[in-house]
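Written below as structure tokens is the structure these notes are about.
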Amino acid sequence: MQPLTPEAREARLRAARRSPELANLHDRSGWLALYTEDAIVEDPVGSPPCQRGVFSRPGSKDDLERFYETFIAPCAIRVEERGDYVVGDSVVRDVVLHVVLTGGGGAAIPAILHYDLVDRGGTLLVRRMRAHWDAGKNGRDMLAQGWRGKVTSILSGIRLFRVLGKDWANRYIAGTKRGIRR
């Protein structure tokens, strides 16, 4: 594999950084446009993957759109960058995600975000994103915030079941108990 030029490396970093930037702007269509027609998001790793073009529930929204509605739309996100690593078309980001959710509870979530990129007509798109973070610790930290954290957790749970459905939500919850926690 040939080393990347500084310009190519920077282009890959920009492509990976766009996802949380557009998420925080609540730019749904812009965020979805960053991902390929068959993109897969595993967030957190261990939970069921959300794939573009796959409809796990009846309706007009695919799993990636439902992921956005469940986990991105209801929160504000700020990314604290600790390190970025680029190898070929993969970008690995060591970050802390600072989020505030519906209900007012917030969290600082240390995470490793791994983006696999592909070139589609001169535009770098995300083919796969894997987020490695400890959902169990995040849940415990949220509940430790008192009533605000409890209300936030309840509202997040309701949204999870409403948007993704009972079966998918139960698989998601079970998956968060595996993944990085193992």
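Chains: A, B, ... in order of the structure tokens. Residues: from 1 per chain. Ligands: from 1, in order shown.
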Could you name the residues that touch stretch 15-26 of chain A at 10 Å or less, counting only C-alpha atoms, but leaving out those on the same chain fewer than 2 positions away, as a ChimeraX atom specification?
-> /A:10-13,28-35,68,71-79,81,84,90-93,97,99,113-117,123-126,129
Contacts of stretch 40-51 of chain A within 7 Å, only C-alpha atoms, excl. fewer than 3 positions in-chain, as a CSV table (one decimal) with N, CA and C atoms, in the first residue's frame:
```csv
chain,number,residue,atom,x,y,z
A,54,VAL,N,-31.8,-1.5,4.3
A,54,VAL,CA,-32.4,-2.6,5.0
A,54,VAL,C,-33.6,-2.1,5.8
A,63,ASP,N,-33.0,1.1,8.1
A,63,ASP,CA,-32.4,1.0,9.4
A,63,ASP,C,-31.5,2.2,9.7
A,64,LEU,N,-30.8,2.7,8.7
A,64,LEU,CA,-29.9,3.8,9.0
A,64,LEU,C,-30.6,5.1,9.3
A,67,PHE,N,-31.8,4.7,12.8
A,67,PHE,CA,-30.6,5.0,13.7
A,67,PHE,C,-30.5,6.5,14.0
A,127,ARG,N,-18.5,3.7,4.2
A,127,ARG,CA,-19.1,2.4,3.9
A,127,ARG,C,-19.4,1.7,5.2
A,128,ARG,N,-18.6,1.9,6.2
A,128,ARG,CA,-18.9,1.3,7.5
A,128,ARG,C,-18.3,2.1,8.6
A,129,MET,N,-19.1,2.3,9.7
A,129,MET,CA,-18.7,3.0,10.9
A,129,MET,C,-18.9,2.1,12.0
A,130,ARG,N,-17.8,1.9,12.8
A,130,ARG,CA,-17.9,1.1,14.1
A,130,ARG,C,-17.5,2.0,15.2
A,131,ALA,N,-18.4,2.1,16.2
A,131,ALA,CA,-18.1,2.9,17.4
A,131,ALA,C,-17.9,2.0,18.6
A,132,HIS,N,-16.8,2.1,19.2
A,132,HIS,CA,-16.4,1.3,20.3
A,132,HIS,C,-16.5,2.2,21.6
A,133,TRP,N,-17.5,1.9,22.4
A,133,TRP,CA,-17.7,2.6,23.7
A,133,TRP,C,-18.5,1.8,24.6
A,171,ARG,N,-32.8,-6.6,21.1
A,171,ARG,CA,-31.5,-7.0,20.6
A,171,ARG,C,-30.4,-6.0,20.8
A,172,TYR,N,-30.8,-4.7,20.7
A,172,TYR,CA,-29.8,-3.6,20.9
A,172,TYR,C,-29.4,-3.6,22.3
A,175,GLY,N,-27.2,-6.5,23.0
A,175,GLY,CA,-25.9,-6.2,22.3
A,175,GLY,C,-25.0,-5.3,23.1
A,176,THR,N,-25.6,-4.3,23.8
A,176,THR,CA,-24.7,-3.3,24.5
A,176,THR,C,-24.1,-4.0,25.7
A,178,ARG,N,-22.7,-6.9,25.5
A,178,ARG,CA,-21.6,-7.6,25.0
A,178,ARG,C,-20.6,-6.6,24.4
A,179,GLY,N,-20.2,-6.7,23.2
A,179,GLY,CA,-19.4,-5.7,22.6
A,179,GLY,C,-18.2,-5.3,23.4
A,180,ILE,N,-17.9,-4.1,23.5
A,180,ILE,CA,-16.7,-3.5,24.2
A,180,ILE,C,-16.7,-4.0,25.7
```
DSSP-assigned alpha helix (DSSP H) members of chain A, reported as a PyMOL selection string | chain A and resi 6-24+28-33+63-67+135-143+147-164+166-176
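Using only C-alpha atoms for every distance, the candidate list A:Val87, A:Gly157, A:Glu69, A:Met142 yields A:Glu69 as the residue closest to A:Asp27.
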Please give the complete set of residues from stretch 45-147 of chain A that DSSP, run on the backbone, assigns to strand (DSSP E), formatted as a count of residues only.
-> 52
For stretch 144-150 of chain A, work out the shell of residues within 9 Å, counting only C-alpha atoms and skipping chain neighbours fewer than 5 positions away, then give it as a PyMOL selection string.
-> chain A and resi 103-106+139+155
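You will find atom CA of A:Ala174 at 27.3 Å from atom CA of A:Thr36.
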Expressed in Å, the length from atom CA of A:Pro6 to atom CA of A:Asp94 is 19.8 Å
